[in-house]
file upload-v1.tsv (TSV, C-alpha atoms)
chain	number	residue	atom	x	y	z
J	850	MET	CA	-20.38	44.87	21.34
J	851	LYS	CA	-21.12	47.39	18.60
J	852	TRP	CA	-19.30	47.89	15.33
J	853	SER	CA	-19.83	50.21	12.41
J	854	LEU	CA	-19.67	48.81	8.90
J	855	SER	CA	-16.61	50.95	8.19
J	856	GLN	CA	-14.81	49.40	11.20
J	857	LEU	CA	-15.70	45.91	10.02
J	858	LYS	CA	-14.17	46.48	6.58
J	859	SER	CA	-10.76	46.19	8.22
J	860	TYR	CA	-11.45	42.47	8.79
J	861	ARG	CA	-11.40	41.56	5.10
J	862	ASP	CA	-8.10	39.74	5.22
J	863	GLU	CA	-8.20	38.30	8.71
J	864	PRO	CA	-11.40	37.64	10.68
J	865	LEU	CA	-11.97	39.15	14.10
J	866	GLN	CA	-11.97	36.51	16.82
J	867	PHE	CA	-13.80	37.31	20.02
J	868	ASP	CA	-14.48	35.66	23.36
J	869	GLU	CA	-16.56	37.97	25.52
J	870	ALA	CA	-18.70	37.83	28.63
J	871	LEU	CA	-21.78	39.99	28.05
J	872	ASP	CA	-23.94	41.46	30.80
J	873	LEU	CA	-27.41	41.25	29.27
J	874	LYS	CA	-29.36	40.87	32.51
J	875	HIS	CA	-31.16	44.22	32.54
J	876	SER	CA	-32.11	44.26	28.87
J	877	LEU	CA	-33.24	40.60	28.81
J	878	MET	CA	-35.34	41.06	31.95
J	879	THR	CA	-36.88	44.19	30.44
J	880	ARG	CA	-37.72	42.44	27.17
J	881	TYR	CA	-38.95	39.21	28.83
J	882	PRO	CA	-40.30	39.98	32.34
J	883	GLU	CA	-40.74	36.29	33.27
J	884	ILE	CA	-36.96	35.96	33.60
J	885	ILE	CA	-35.99	35.88	37.27
J	886	ASP	CA	-32.22	36.10	36.82
J	887	VAL	CA	-29.52	36.03	34.14
J	888	GLN	CA	-25.92	35.04	34.72
J	889	ALA	CA	-23.18	36.40	32.47
J	890	THR	CA	-23.52	35.28	28.87
J	891	GLN	CA	-20.38	33.92	27.21
J	892	VAL	CA	-20.02	34.49	23.46
J	893	LYS	CA	-17.13	33.05	21.47
J	894	GLY	CA	-16.78	33.24	17.72
J	895	ILE	CA	-15.47	34.94	14.62
J	896	LEU	CA	-16.58	37.88	12.53
J	897	SER	CA	-15.54	38.23	8.91
J	898	TYR	CA	-16.21	40.84	6.24
J	899	ASP	CA	-16.63	39.83	2.60
J	900	GLN	CA	-18.14	41.72	-0.36
J	901	GLY	CA	-20.00	44.20	1.83
J	902	ASN	CA	-21.46	41.48	4.06
J	903	VAL	CA	-20.57	40.60	7.62
J	904	LEU	CA	-20.71	36.96	8.72
J	905	ILE	CA	-20.77	36.20	12.42
J	906	SER	CA	-20.43	32.65	13.63
J	907	ALA	CA	-20.62	32.39	17.41
J	908	LYS	CA	-21.28	29.91	20.18
J	909	VAL	CA	-23.43	31.33	22.96
J	910	LYS	CA	-23.58	30.00	26.52
J	911	ALA	CA	-26.13	31.54	28.86
J	912	SER	CA	-27.84	30.58	32.08
J	913	LEU	CA	-31.30	31.93	32.86
J	914	THR	CA	-33.47	31.46	35.92
J	915	LEU	CA	-37.09	31.09	34.84
J	916	PRO	CA	-40.27	29.97	36.57
J	917	SER	CA	-41.42	26.40	36.07
J	918	THR	CA	-44.32	26.33	33.64
J	919	ARG	CA	-46.11	23.96	36.00
J	920	SER	CA	-45.51	25.27	39.53
J	921	LEU	CA	-43.69	28.60	39.06
J	922	THR	CA	-40.73	27.23	41.03
J	923	PRO	CA	-37.50	28.99	39.92
J	924	VAL	CA	-35.51	26.75	37.56
J	925	VAL	CA	-32.00	27.40	36.20
J	926	VAL	CA	-32.12	26.85	32.44
J	927	PRO	CA	-28.73	26.52	30.73
J	928	LEU	CA	-28.69	27.51	27.06
J	929	VAL	CA	-25.91	26.57	24.65
J	930	PHE	CA	-26.38	27.22	20.95
J	931	GLN	CA	-24.64	28.20	17.74
J	932	MET	CA	-25.62	31.31	15.82
J	933	ASP	CA	-24.54	31.97	12.24
J	934	GLU	CA	-25.86	35.21	10.79
J	935	TYR	CA	-25.14	37.49	7.86
J	936	TYR	CA	-25.48	41.23	8.34
J	937	VAL	CA	-25.90	43.23	5.17
J	938	PRO	CA	-26.35	46.95	4.42
J	939	GLN	CA	-29.70	48.32	3.25
J	940	GLY	CA	-30.39	47.68	-0.43
J	941	THR	CA	-28.31	44.50	-0.69
J	942	ASP	CA	-29.52	41.92	-3.21
J	943	LEU	CA	-30.57	38.95	-1.06
J	944	LYS	CA	-30.83	36.49	-3.97
J	945	ARG	CA	-27.22	35.38	-3.51
J	946	PHE	CA	-28.00	33.89	-0.08
J	947	ASP	CA	-29.49	30.46	0.50
J	948	LYS	CA	-32.97	30.17	1.97
J	949	GLU	CA	-31.47	28.53	5.07
J	950	ASP	CA	-29.14	31.50	5.75
J	951	THR	CA	-30.10	34.00	8.42
J	952	VAL	CA	-29.70	37.40	6.79
J	953	ILE	CA	-30.31	40.58	8.77
J	954	MET	CA	-30.41	44.08	7.32
J	955	LEU	CA	-28.27	46.60	9.15
J	956	PRO	CA	-30.06	49.77	10.24
J	957	GLU	CA	-29.68	53.00	8.26
J	958	ASP	CA	-26.64	54.03	10.33
J	959	ASP	CA	-24.83	50.73	9.44
J	960	ILE	CA	-24.13	49.94	13.11
J	961	LEU	CA	-24.13	46.27	14.06
J	962	ASN	CA	-25.28	45.92	17.69
J	963	PHE	CA	-24.24	42.35	18.43
J	964	ASP	CA	-25.58	42.45	22.01
J	965	VAL	CA	-29.12	42.82	20.67
J	966	ALA	CA	-28.55	39.94	18.22
J	967	VAL	CA	-27.41	37.70	21.08
J	968	GLU	CA	-30.42	38.76	23.17
J	969	ASP	CA	-32.78	37.93	20.28
J	970	ASN	CA	-31.23	34.48	19.92
J	971	ILE	CA	-31.41	33.82	23.67
J	972	LEU	CA	-35.11	34.70	23.71
J	973	ILE	CA	-35.73	32.43	20.73
J	974	HIS	CA	-34.00	29.52	22.49
J	975	ILE	CA	-36.01	29.68	25.72
J	976	PRO	CA	-37.92	26.38	25.89
J	977	MET	CA	-41.71	26.37	25.88
J	978	GLN	CA	-41.89	23.94	28.81
J	979	ILE	CA	-39.67	24.45	31.83
J	980	LEU	CA	-39.82	21.90	34.63
J	981	SER	CA	-37.91	21.63	37.89
J	982	GLU	CA	-35.92	18.47	38.51
J	983	ALA	CA	-38.62	17.14	40.86
J	984	GLU	CA	-41.31	17.76	38.24
J	985	GLN	CA	-39.26	15.96	35.60
J	986	ASN	CA	-38.88	12.97	37.94
J	987	GLY	CA	-42.65	12.57	38.24
J	988	GLU	CA	-43.32	14.25	41.57
J	989	ALA	CA	-46.98	14.90	42.31
J	990	MET	CA	-48.59	17.77	40.44
J	991	PRO	CA	-49.53	20.93	42.35
J	992	ALA	CA	-53.03	21.04	43.85
J	993	GLY	CA	-55.07	23.33	46.05
J	994	LYS	CA	-58.58	23.78	47.40
J	995	GLY	CA	-60.86	22.72	44.59
J	996	TRP	CA	-58.20	22.56	41.87
J	997	GLU	CA	-55.34	20.37	40.70
J	998	VAL	CA	-52.95	20.26	37.78
J	999	ILE	CA	-53.26	17.13	35.66
J	1000	SER	CA	-51.16	15.84	32.79
J	1001	GLU	CA	-52.44	15.77	29.22
J	1002	ASP	CA	-52.57	11.95	29.38
J	1003	ASP	CA	-54.74	12.06	32.49
J	1004	LEU	CA	-56.99	14.64	30.86
J	1005	ALA	CA	-57.44	12.42	27.81
J	1006	LYS	CA	-58.31	9.43	30.06
J	1007	GLN	CA	-60.86	11.51	31.97
J	1008	ALA	CA	-62.42	12.72	28.72
J	1009	GLU	CA	-62.70	9.13	27.47
J	1010	GLU	CA	-64.29	7.95	30.74
J	1011	HIS	CA	-66.81	10.78	30.76
J	1012	LYS	CA	-67.67	10.53	27.11
J	1013	THR	CA	-71.43	10.94	27.18
J	1014	VAL	CA	-73.76	12.34	24.59
J	1015	ASP	CA	-75.89	15.32	25.51
J	1016	PRO	CA	-79.44	13.94	25.80
J	1017	ARG	CA	-80.74	16.82	23.72
J	1018	LEU	CA	-78.50	15.71	20.86
J	1019	ALA	CA	-79.03	11.94	21.28
J	1020	LYS	CA	-82.05	11.97	18.97
J	1021	LEU	CA	-79.88	13.35	16.14
J	1022	LYS	CA	-78.04	10.03	16.09
J	1023	ASN	CA	-81.09	8.40	14.52
J	1024	LEU	CA	-81.41	11.07	11.85
J	1025	PHE	CA	-78.91	9.37	9.50
J	1026	PRO	CA	-78.74	5.68	10.57
J	1027	ASP	CA	-76.73	4.64	7.49
J	1028	GLN	CA	-73.85	7.00	8.50
J	1029	GLU	CA	-72.83	4.83	11.48
J	1030	ALA	CA	-72.09	1.86	9.26
J	1031	LYS	CA	-69.63	3.94	7.23
J	1032	ASP	CA	-67.66	5.06	10.29
call {"tool": "encode", "arguments": {"input": "upload-v1.tsv", "output": "structure tokens"}}
result
Amino acid sequence: MKWSLSQLKSYRDEPLQFDEALDLKHSLMTRYPEIIDVQATQVKGILSYDQGNVLISAKVKASLTLPSTRSLTPVVVPLVFQMDEYYVPQGTDLKRFDKEDTVIMLPEDDILNFDVAVEDNILIHIPMQILSEAEQNGEAMPAGKGWEVISEDDLAKQAEEHKTVDPRLAKLKNLFPDQEAKD
């Protein structure tokens, strides 16, 4: 979905309503190679033009297949989010917008490529930790010959159990004996 600023001026009086299925698979997989698969992305919203600015308010529904961050097992990750963004031409005074507003400058040619904006928002909404259903339910962590994955809690327990002072540094403890009382 691409629009020029001159096309968008026709939506001054009545906003443009859209409900589109976007095929972003190739471009998303190119931009973020960890993505295994992308189903059609559904975008529903309105676009309005006011005082040289374009406001797009849209609800995005996407479904990505990504590797588990623990075991690399493919996991389907549904994403549903709202995006509200202002698009303004180059040279626009940005002081009239709130700090919380998302304001994006249009390129020199004043073409709004909404597909790229949706892609950007999808990439931003990919979670940092992706776990399969079995991993979420506490199934055993992956392990192999001489290695195993452990949780952060288990790592902290191991560190506490193995908390020993390097013998070469043990003598430094007596250097300032009055410091221990303050701790």
call {"tool": "closest_residue", "arguments": {"input": "upload-v1.tsv", "among": "J:Val909, J:Asn902, J:Phe867, J:Ile971", "to": "Val937 in chain J", "atoms": "all atoms listed in the file"}}
result
J:Asn902
call {"tool": "closest_residue", "arguments": {"input": "upload-v1.tsv", "among": "J:Phe930, J:Met977, J:Glu968, J:Glu988", "to": "His875 in chain J", "atoms": "all atoms listed in the file"}}
result
J:Glu968
call {"tool": "closest_residue", "arguments": {"input": "upload-v1.tsv", "among": "J:Asp1027, J:Glu997, J:Ala907, J:Met932", "to": "Ile973 in chain J", "atoms": "only C-alpha atoms"}}
result
J:Met932
call {"tool": "residues_near_point", "arguments": {"input": "upload-v1.tsv", "point": "(-19.4, 42.0, 2.5)", "cutoff": "9 Å", "atoms": "only C-alpha atoms", "output": "list in words"}}
result
Lys858, Arg861, Ser897, Tyr898, Asp899, Gln900, Gly901, Asn902, Val903, Leu904, Tyr936, Val937 and Pro938 of chain J
call {"tool": "atom_distance", "arguments": {"input": "upload-v1.tsv", "atom1": "CA of Tyr881 in chain J", "atom2": "CA of Arg919 in chain J"}}
result
18.3 Å
call {"tool": "closest_residue", "arguments": {"input": "upload-v1.tsv", "among": "J:Ala1019, J:Val925, J:Ala889, J:Leu854", "to": "Pro976 in chain J", "atoms": "only C-alpha atoms"}}
result
J:Val925
call {"tool": "atom_distance", "arguments": {"input": "upload-v1.tsv", "atom1": "CA of Asn970 in chain J", "atom2": "CA of Glu984 in chain J"}}
result
26.8 Å
call {"tool": "closest_residue", "arguments": {"input": "upload-v1.tsv", "among": "J:Val887, J:Leu1021, J:Val924, J:Ile905", "to": "Leu961 in chain J", "atoms": "all atoms listed in the file"}}
result
J:Ile905
call {"tool": "residues_around", "arguments": {"input": "upload-v1.tsv", "residues": "Val926 in chain J", "least_positions_apart": "6", "cutoff": "8 Å", "atoms": "all atoms listed in the file", "output": "list in words"}}
result
Ser912, Leu913, Thr914, Leu915 and Ile979 of chain J
call {"tool": "write_last_selection", "arguments": {"input": "upload-v1.tsv", "atoms": "C-alpha atoms", "output": "PDB file, keeping the file's coordinate frame"}}
result
ATOM      1  CA  SER J 912     -27.840  30.580  32.080  1.00  0.00           C
ATOM      2  CA  LEU J 913     -31.300  31.930  32.860  1.00  0.00           C
ATOM      3  CA  THR J 914     -33.470  31.460  35.920  1.00  0.00           C
ATOM      4  CA  LEU J 915     -37.090  31.090  34.840  1.00  0.00           C
ATOM      5  CA  ILE J 979     -39.670  24.450  31.830  1.00  0.00           C
TER       6      ILE J 979
END
call {"tool": "residues_around", "arguments": {"input": "upload-v1.tsv", "residues": "Phe946 in chain J", "least_positions_apart": "3", "cutoff": "12 Å", "atoms": "all atoms listed in the file", "output": "list of chain:residue names"}}
result
J:Asn902, J:Leu904, J:Glu934, J:Tyr935, J:Tyr936, J:Val937, J:Thr941, J:Asp942, J:Leu943, J:Glu949, J:Asp950, J:Thr951, J:Val952, J:Ile953
call {"tool": "atom_distance", "arguments": {"input": "upload-v1.tsv", "atom1": "CA of Ala992 in chain J", "atom2": "CA of Pro923 in chain J"}}
result
17.9 Å
call {"tool": "closest_residue", "arguments": {"input": "upload-v1.tsv", "among": "J:Gln1007, J:Thr918, J:Gln931, J:Ser853", "to": "Ser906 in chain J", "atoms": "all atoms listed in the file"}}
result
J:Gln931
call {"tool": "residues_around", "arguments": {"input": "upload-v1.tsv", "residues": "Leu865 in chain J", "least_positions_apart": "3", "cutoff": "8 Å", "atoms": "all atoms listed in the file", "output": "list in words"}}
result
Tyr860, Ile895, Leu896 and Ser897 of chain J
call {"tool": "axis_aligned_box", "arguments": {"input": "upload-v1.tsv", "around": "range 871-876 of chain J", "padding_each_side": "8 Å", "output": "AutoDock Vina command-line options"}}
result
--center_x -26.9 --center_y 42.1 --center_z 30.3 --size_x 26.3 --size_y 20.3 --size_z 20.5
call {"tool": "build_atoms", "arguments": {"input": "upload-v1.tsv", "residues": "range 955-973 of chain J", "atoms": "N, CA, C and O atoms", "output": "compact mmCIF listing (two decimals), in the coordinates of the input"}}
result
# COMPACT_ATOMS: atom_id res chain seq x y z
N LEU J 955 -28.78 45.63 8.19
CA LEU J 955 -28.27 46.60 9.15
C LEU J 955 -29.16 47.84 9.13
O LEU J 955 -29.74 48.17 8.10
N PRO J 956 -29.26 48.53 10.24
CA PRO J 956 -30.06 49.77 10.24
C PRO J 956 -29.43 50.83 9.34
O PRO J 956 -28.30 50.68 8.86
N GLU J 957 -30.13 51.91 9.14
CA GLU J 957 -29.68 53.00 8.26
C GLU J 957 -28.28 53.50 8.62
O GLU J 957 -27.51 53.87 7.75
N ASP J 958 -27.95 53.50 9.91
CA ASP J 958 -26.64 54.03 10.33
C ASP J 958 -25.51 53.00 10.17
O ASP J 958 -24.35 53.29 10.49
N ASP J 959 -25.82 51.80 9.66
CA ASP J 959 -24.83 50.73 9.44
C ASP J 959 -24.06 50.35 10.70
O ASP J 959 -22.88 50.02 10.65
N ILE J 960 -24.74 50.36 11.84
CA ILE J 960 -24.13 49.94 13.11
C ILE J 960 -24.67 48.56 13.45
O ILE J 960 -25.88 48.35 13.53
N LEU J 961 -23.77 47.62 13.66
CA LEU J 961 -24.13 46.27 14.06
C LEU J 961 -24.06 46.19 15.58
O LEU J 961 -22.98 46.29 16.16
N ASN J 962 -25.22 46.06 16.24
CA ASN J 962 -25.28 45.92 17.69
C ASN J 962 -25.40 44.44 17.99
O ASN J 962 -26.50 43.87 18.00
N PHE J 963 -24.27 43.80 18.25
CA PHE J 963 -24.24 42.35 18.43
C PHE J 963 -24.91 41.93 19.74
O PHE J 963 -25.46 40.83 19.83
N ASP J 964 -24.92 42.77 20.75
CA ASP J 964 -25.58 42.45 22.01
C ASP J 964 -27.06 42.17 21.77
O ASP J 964 -27.63 41.22 22.32
N VAL J 965 -27.70 43.00 20.97
CA VAL J 965 -29.12 42.82 20.67
C VAL J 965 -29.34 41.52 19.89
O VAL J 965 -30.31 40.79 20.14
N ALA J 966 -28.44 41.19 18.98
CA ALA J 966 -28.55 39.94 18.22
C ALA J 966 -28.45 38.74 19.15
O ALA J 966 -29.20 37.77 19.01
N VAL J 967 -27.54 38.80 20.11
CA VAL J 967 -27.41 37.70 21.08
C VAL J 967 -28.67 37.61 21.94
O VAL J 967 -29.19 36.52 22.18
N GLU J 968 -29.18 38.75 22.38
CA GLU J 968 -30.42 38.76 23.17
C GLU J 968 -31.56 38.11 22.38
O GLU J 968 -32.31 37.28 22.93
N ASP J 969 -31.71 38.50 21.12
CA ASP J 969 -32.78 37.93 20.28
C ASP J 969 -32.66 36.41 20.22
O ASP J 969 -33.64 35.70 20.36
N ASN J 970 -31.44 35.92 20.02
CA ASN J 970 -31.23 34.48 19.92
C ASN J 970 -31.48 33.78 21.25
O ASN J 970 -32.00 32.66 21.27
N ILE J 971 -31.12 34.41 22.36
CA ILE J 971 -31.41 33.82 23.67
C ILE J 971 -32.92 33.69 23.86
O ILE J 971 -33.42 32.64 24.27
N LEU J 972 -33.66 34.74 23.54
CA LEU J 972 -35.11 34.70 23.71
C LEU J 972 -35.75 33.64 22.82
O LEU J 972 -36.72 32.98 23.22
N ILE J 973 -35.21 33.45 21.64
CA ILE J 973 -35.73 32.43 20.73
C ILE J 973 -35.48 31.02 21.28
O ILE J 973 -36.29 30.12 21.09
